[in-house]
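For reference, the structure is listed below as structure tokens.
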Amino acid sequence: MSKIKVCAECGVPKILSDGNKWESNGSISATVTEGKRGFFYEAGGFTQLFSNLEKSTGMSIDRIVSEGNRKNSAEYLQGLFSGFKGTLARTLFHNRVYERITDLGKIFGYGHFEMLEIRRGISVTVYGRNIYCIPMFIGDLAGTFNVMEDLPAKVDIREEGTGYVITVTEGEKPEEELTSRLQTAPTRTKPGDIAYKRCPACGLPTEFDDLFFDFEEGVITDKVTGRRMTTTGMEQIVAIFRELEAELGEDIVQAILDAQRLYVKGALDREEMEQGYPYLRRFLAFRGMGNMVSYDLRSDGLDAVVENATPTLLLAGMLQGIFELLSDRESTCEYRLRDEGTLEVAVNAL
Ligand SMILES: [Zn+2]
């Protein structure tokens with residue numbers, strides 16, 4: 001592994017502070033892909049959610065998840081290796097750029113990767129273990145191959161020992177219709193007043209002090225909650241849900257809410273959530289999900305308003321899950337967007 005540049009003060013990789021800004025309005029601005037938002041989230045929040053969703057719908061959603069993430073990764077890498085210098089690096093230092101990308105995967109908590117073989121313009125073979133989310137990672141690899149080889153990608157994955165061997169070859173062009181439906185647009189945000197304590201050197205929130213980066217294994221662990229964390233683009237996650245809705249109809253909305261509610265009840269800790277509004281507000285903001293401006297928890301329900309809220313279904317399902325976790329009661333959940341990004345959620349005990 002080449003040397004990872006970290007902040008001298010807090011030890012967090014520079015690429016995270018160079019590429020993201022934790023804003024006071026509950027969003028994370030992604031500076032590499034201008035106008036887009038970052039998402040810093042539990043890795044299990046993706047895998048568990050997708051597996052809950054597959055169980056309830058009886059359908060595989062991997063293709064949509066992978067395609068959404070392929071676009072996200074391709075856009076990010078295009079931003080990172082753009083301009084004359086980037087193009088030159090991709091051409092002259094082709095293999096070294098691949099190494100750099102596998103290092104990025106380790107920094108972002110996507111797992112441990114080794115390049116096994118690079119056949120320029122033909123195929124790339126990678127060994128990986130601790131992969132954060134298989135369908136998302138297949139998308140990441142396809143996006144990498146698109147940018148590096150300028151070719152559409154086909155990804156084959158097989159288990160080997162405790163990990164996987166993944167081979168990417170030239171594939172068919174992605175379904176144009178699906179790709180264009182997964183297109184994202186920058187969203188406008190409202191100002192907010194969330195104050196982070198920040199590292200004096202790199203400006204990242206001191207919440208990062210609680211995270212342990214295992215660069216070798218490619219795993220980021222929250223030392224307080226024990227949960228594995230990862231980072232990705234927000235808009236693509238939103239686009240994946242929008243696409244699921246378009247393809248599978250309205251019932252999927254309820255299925256996503258339920259899948260998220262079940263994930264939250266199973267993964268989050270009751271004592272943690274009992275810390276109430278100040279904790280939850282920071283919890284959401286640090287993940288880039290928005291600015292919670294009101295939170296009213298009662299024995300028979302929960303009302304909350306989140307500005308700059310995204311992804312709305314995950315937020316609504318999360319709040320319902322938190323209510324059920326804290327109250328031990330079942331509930332219904334209604335939500336609506338008051339304006340472009342202000343989400344109102346009403347959870348009521350049954
Ligand atoms: Zn720092």
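Residue numbers start at 1 in each chain; chains themselves are named A, B, ... in the order of the structure tokens; ligands are numbered from 1 in the order shown.
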Using only C-alpha atoms, I'd like a table of the residues in stretch 234-262 of chain A that come within 9 Å of stretch 30-48 of chain A; for each, show the closest atom pair and its distance in Å rounded to one decimal, ordered by chain and ascending number, as a tab-separated table.
```
residue	atom	partner	partner_atom	distance
A:Met234	CA	A:Phe39	CA	5.0
A:Glu235	CA	A:Arg37	CA	6.6
A:Ile237	CA	A:Phe39	CA	8.8
A:Ala259	CA	A:Gln48	CA	8.1
A:Gln260	CA	A:Gly45	CA	8.0
A:Leu262	CA	A:Gln48	CA	8.9
```
Can you write just those residues out, N, CA and C atoms, as a compact mmCIF listing (two decimals), in the first residue's frame?
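This is the output file part.txt:
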```txt
# COMPACT_ATOMS: atom_id res chain seq x y z
N MET A 234 -24.46 10.78 -1.67
CA MET A 234 -25.85 10.78 -1.23
C MET A 234 -26.83 10.67 -2.39
N GLU A 235 -26.59 11.44 -3.45
CA GLU A 235 -27.57 11.52 -4.53
C GLU A 235 -27.83 10.15 -5.16
N ILE A 237 -27.69 7.23 -3.72
CA ILE A 237 -28.55 6.41 -2.84
C ILE A 237 -30.01 6.84 -3.04
N ALA A 259 -38.17 -1.92 5.87
CA ALA A 259 -36.81 -2.47 5.89
C ALA A 259 -35.91 -1.59 6.75
N GLN A 260 -36.07 -0.28 6.65
CA GLN A 260 -35.25 0.64 7.43
C GLN A 260 -35.63 0.58 8.91
N LEU A 262 -36.82 -1.94 10.52
CA LEU A 262 -36.31 -3.19 11.08
C LEU A 262 -34.80 -3.12 11.28
```
Identify all residues of stretch 115-212 of chain A in strand (DSSP E or B) (DSSP on the backbone) and supply them as a ChimeraX atom specification.
/A:115-119,123-129,153-160,163-170,198,205,211-212
To check your reading of the model: which residues sit at most 10 Å from ligand 1 when counting only C-alpha atoms and all ligand atoms? Write the answer as a PDB file with C-alpha atoms, in the first residue's frame.
```
ATOM      1  CA  VAL A   6      -3.206  11.809   7.080  1.00  0.00           C
ATOM      2  CA  CYS A   7      -3.819  14.962   9.098  1.00  0.00           C
ATOM      3  CA  ALA A   8      -0.877  15.562  11.487  1.00  0.00           C
ATOM      4  CA  GLU A   9      -3.289  16.623  14.218  1.00  0.00           C
ATOM      5  CA  CYS A  10      -6.186  14.102  14.123  1.00  0.00           C
ATOM      6  CA  GLY A  11      -4.777  11.304  11.965  1.00  0.00           C
ATOM      7  CA  VAL A  12      -7.738  11.171   9.575  1.00  0.00           C
ATOM      8  CA  PRO A  13      -6.881  10.716   5.866  1.00  0.00           C
ATOM      9  CA  LYS A  14      -6.513  14.038   4.056  1.00  0.00           C
ATOM     10  CA  LEU A  16     -11.683  12.877   3.507  1.00  0.00           C
ATOM     11  CA  SER A  17     -11.127  16.457   4.667  1.00  0.00           C
ATOM     12  CA  ARG A 198     -13.356  20.851  14.582  1.00  0.00           C
ATOM     13  CA  CYS A 199      -9.813  19.662  14.185  1.00  0.00           C
ATOM     14  CA  PRO A 200      -7.698  22.859  14.091  1.00  0.00           C
ATOM     15  CA  ALA A 201      -5.574  21.474  11.251  1.00  0.00           C
ATOM     16  CA  CYS A 202      -7.997  19.865   8.796  1.00  0.00           C
ATOM     17  CA  GLY A 203     -11.389  21.166   9.919  1.00  0.00           C
ATOM     18  CA  LEU A 204     -13.088  17.774  10.263  1.00  0.00           C
ATOM     19  CA  PRO A 205     -15.579  17.404  13.130  1.00  0.00           C
ATOM     20  CA  THR A 206     -14.069  15.925  16.297  1.00  0.00           C
ATOM     21  CA  PHE A 208     -13.807  11.545  13.863  1.00  0.00           C
ATOM     22  CA  ASP A 209     -11.882  11.004  17.123  1.00  0.00           C
TER      23      ASP A 209
END
```
Each stretch 230-279 of chain A residue no farther than 7 Å from stretch 57-70 of chain A, nearest pair in Å, only C-alpha atoms, as a tab-separated table:
```
residue	atom	partner	partner_atom	distance
A:Gln236	CA	A:Gly68	CA	5.5
A:Ala239	CA	A:Gly68	CA	6.9
A:Ile240	CA	A:Gly68	CA	5.7
```
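The closest residue to A:Thr162, picked from A:Arg90, A:Asn130, A:Glu176, A:Ala304 and counting only C-alpha atoms, is A:Asn130.
Proximity to A:Val219 was assessed for A:Gly111, A:Pro311, A:Pro152, A:Gly266 counting only C-alpha atoms; the smallest distance is recorded for A:Gly111.
Closest approach to A:Tyr335 from the set A:Phe137, A:Thr87, A:Asp300, A:Gln254 is made by A:Gln254, with distances taken over only C-alpha atoms.
These are the residues of stretch 118-230 of chain A assigned helix (DSSP H, G or I) by DSSP from backbone coordinates: Ile134, Pro135, Met136, Phe137, Ile138, Gly139, Asp140, Leu141, Ala142, Gly143, Thr144, Phe145, Asn146, Val147, Met148, Glu149, Glu176, Glu177, Leu178, Thr179, Ser180, Arg181, Thr206, Glu207, Phe208, Asp209 and Asp210 of chain A.
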Once you have the residues from the selection above, write them out as a JSON list (two decimals), in the first residue's frame, restricted to N, CA and C atoms.
```
[["chain", "number", "residue", "atom", "x", "y", "z"],
["A", 134, "ILE", "N", -21.76, -5.99, -1.15],
["A", 134, "ILE", "CA", -21.38, -6.56, -2.44],
["A", 134, "ILE", "C", -22.00, -5.83, -3.65],
["A", 135, "PRO", "N", -23.31, -5.62, -3.70],
["A", 135, "PRO", "CA", -23.84, -4.95, -4.90],
["A", 135, "PRO", "C", -23.30, -3.53, -5.09],
["A", 136, "MET", "N", -23.05, -2.83, -3.98],
["A", 136, "MET", "CA", -22.48, -1.48, -4.12],
["A", 136, "MET", "C", -21.05, -1.57, -4.62],
["A", 137, "PHE", "N", -20.30, -2.56, -4.12],
["A", 137, "PHE", "CA", -18.91, -2.68, -4.53],
["A", 137, "PHE", "C", -18.79, -3.09, -6.00],
["A", 138, "ILE", "N", -19.70, -3.94, -6.46],
["A", 138, "ILE", "CA", -19.69, -4.31, -7.88],
["A", 138, "ILE", "C", -19.86, -3.04, -8.71],
["A", 139, "GLY", "N", -20.72, -2.15, -8.26],
["A", 139, "GLY", "CA", -20.89, -0.86, -8.93],
["A", 139, "GLY", "C", -19.62, -0.03, -8.90],
["A", 140, "ASP", "N", -18.94, -0.02, -7.74],
["A", 140, "ASP", "CA", -17.69, 0.75, -7.61],
["A", 140, "ASP", "C", -16.65, 0.26, -8.63],
["A", 141, "LEU", "N", -16.52, -1.08, -8.73],
["A", 141, "LEU", "CA", -15.52, -1.63, -9.64],
["A", 141, "LEU", "C", -15.87, -1.34, -11.10],
["A", 142, "ALA", "N", -17.14, -1.46, -11.42],
["A", 142, "ALA", "CA", -17.57, -1.18, -12.80],
["A", 142, "ALA", "C", -17.27, 0.27, -13.15],
["A", 143, "GLY", "N", -17.55, 1.18, -12.20],
["A", 143, "GLY", "CA", -17.28, 2.61, -12.42],
["A", 143, "GLY", "C", -15.80, 2.87, -12.60],
["A", 144, "THR", "N", -14.97, 2.18, -11.81],
["A", 144, "THR", "CA", -13.52, 2.33, -11.93],
["A", 144, "THR", "C", -13.05, 1.89, -13.32],
["A", 145, "PHE", "N", -13.55, 0.74, -13.76],
["A", 145, "PHE", "CA", -13.17, 0.20, -15.07],
["A", 145, "PHE", "C", -13.62, 1.16, -16.19],
["A", 146, "ASN", "N", -14.81, 1.74, -16.04],
["A", 146, "ASN", "CA", -15.30, 2.72, -17.02],
["A", 146, "ASN", "C", -14.33, 3.88, -17.18],
["A", 147, "VAL", "N", -13.88, 4.40, -16.03],
["A", 147, "VAL", "CA", -13.02, 5.59, -16.05],
["A", 147, "VAL", "C", -11.61, 5.23, -16.52],
["A", 148, "MET", "N", -11.08, 4.11, -16.04],
["A", 148, "MET", "CA", -9.69, 3.75, -16.34],
["A", 148, "MET", "C", -9.52, 3.18, -17.75],
["A", 149, "GLU", "N", -10.48, 2.39, -18.21],
["A", 149, "GLU", "CA", -10.33, 1.73, -19.50],
["A", 149, "GLU", "C", -11.19, 2.36, -20.59],
["A", 176, "GLU", "N", -29.28, 2.28, -21.18],
["A", 176, "GLU", "CA", -29.28, 3.74, -21.18],
["A", 176, "GLU", "C", -30.46, 4.32, -20.41],
["A", 177, "GLU", "N", -31.58, 3.61, -20.52],
["A", 177, "GLU", "CA", -32.77, 4.13, -19.86],
["A", 177, "GLU", "C", -32.60, 4.12, -18.34],
["A", 178, "LEU", "N", -32.05, 3.00, -17.83],
["A", 178, "LEU", "CA", -31.82, 2.90, -16.39],
["A", 178, "LEU", "C", -30.80, 3.95, -15.95],
["A", 179, "THR", "N", -29.72, 4.08, -16.74],
["A", 179, "THR", "CA", -28.68, 5.04, -16.41],
["A", 179, "THR", "C", -29.23, 6.46, -16.34],
["A", 180, "SER", "N", -30.06, 6.82, -17.32],
["A", 180, "SER", "CA", -30.55, 8.20, -17.33],
["A", 180, "SER", "C", -31.56, 8.42, -16.20],
["A", 181, "ARG", "N", -32.29, 7.36, -15.85],
["A", 181, "ARG", "CA", -33.22, 7.53, -14.73],
["A", 181, "ARG", "C", -32.46, 7.69, -13.41],
["A", 206, "THR", "N", -14.81, 16.77, 15.36],
["A", 206, "THR", "CA", -14.07, 15.92, 16.30],
["A", 206, "THR", "C", -14.77, 14.58, 16.51],
["A", 207, "GLU", "N", -15.96, 14.40, 15.94],
["A", 207, "GLU", "CA", -16.62, 13.08, 15.93],
["A", 207, "GLU", "C", -15.66, 12.03, 15.34],
["A", 208, "PHE", "N", -14.75, 12.48, 14.48],
["A", 208, "PHE", "CA", -13.81, 11.55, 13.86],
["A", 208, "PHE", "C", -12.86, 10.92, 14.89],
["A", 209, "ASP", "N", -12.73, 11.59, 16.07],
["A", 209, "ASP", "CA", -11.88, 11.00, 17.12],
["A", 209, "ASP", "C", -12.41, 9.64, 17.57],
["A", 210, "ASP", "N", -13.73, 9.45, 17.41],
["A", 210, "ASP", "CA", -14.34, 8.17, 17.84],
["A", 210, "ASP", "C", -14.18, 7.07, 16.80]]
```
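With only C-alpha atoms taken into account, the protein and nucleic acid residues at most 7 Å from A:Thr125 (excluding it and anything under 4 positions from it in its own chain) are Met115, Leu116, Glu117, Ile118, Ile166, Thr167 and Val168 of chain A.
Here atom CA of A:Leu297 is placed at a distance of 14.6 Å from atom CA of A:Glu330.
Between atom CA of A:Gly26 and atom CA of A:Thr230 the separation is 17.4 Å.
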Looking at only C-alpha atoms, which of A:Tyr277, A:Phe283, A:Phe215, A:Phe113 is the one that sits closest to A:Glu99?
A:Phe113
Shell around A:Ala309 at 8 Å using only C-alpha atoms, local window under 3 positions removed, as a PyMOL selection string:
chain A and resi 289-291+306+312+315+341-343
The selected residues should be written to file as a short mmCIF file (atom, residue, chain, number, x, y, z; two decimals), in the first residue's frame (atoms: C-alpha atoms).
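Saved as part15.cif:
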```
data_model
loop_
_atom_site.label_atom_id
_atom_site.label_comp_id
_atom_site.auth_asym_id
_atom_site.auth_seq_id
_atom_site.Cartn_x
_atom_site.Cartn_y
_atom_site.Cartn_z
CA MET A 289 -28.87 13.32 6.48
CA GLY A 290 -30.06 16.80 7.47
CA ASN A 291 -30.76 19.23 10.27
CA VAL A 306 -35.78 17.59 9.51
CA THR A 312 -36.35 10.91 3.10
CA LEU A 315 -35.06 9.15 7.70
CA GLY A 341 -36.09 19.45 1.59
CA THR A 342 -38.11 19.81 4.81
CA LEU A 343 -39.41 16.49 6.03
#
```
Hey, which of A:Gly249, A:Gly128, A:Arg228, A:Leu151 ends up closest to A:Phe213? Count only C-alpha atoms.
A:Arg228
Let me make sure I understand: among A:Tyr76, A:Tyr263, A:Phe323, A:Phe84, which one has the smallest atom-to-atom distance to A:Leu104 if we use only C-alpha atoms?
A:Tyr76
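Counting from atom CA of A:Ala316, the distance to atom CA of A:Ile131 is 27.5 Å.
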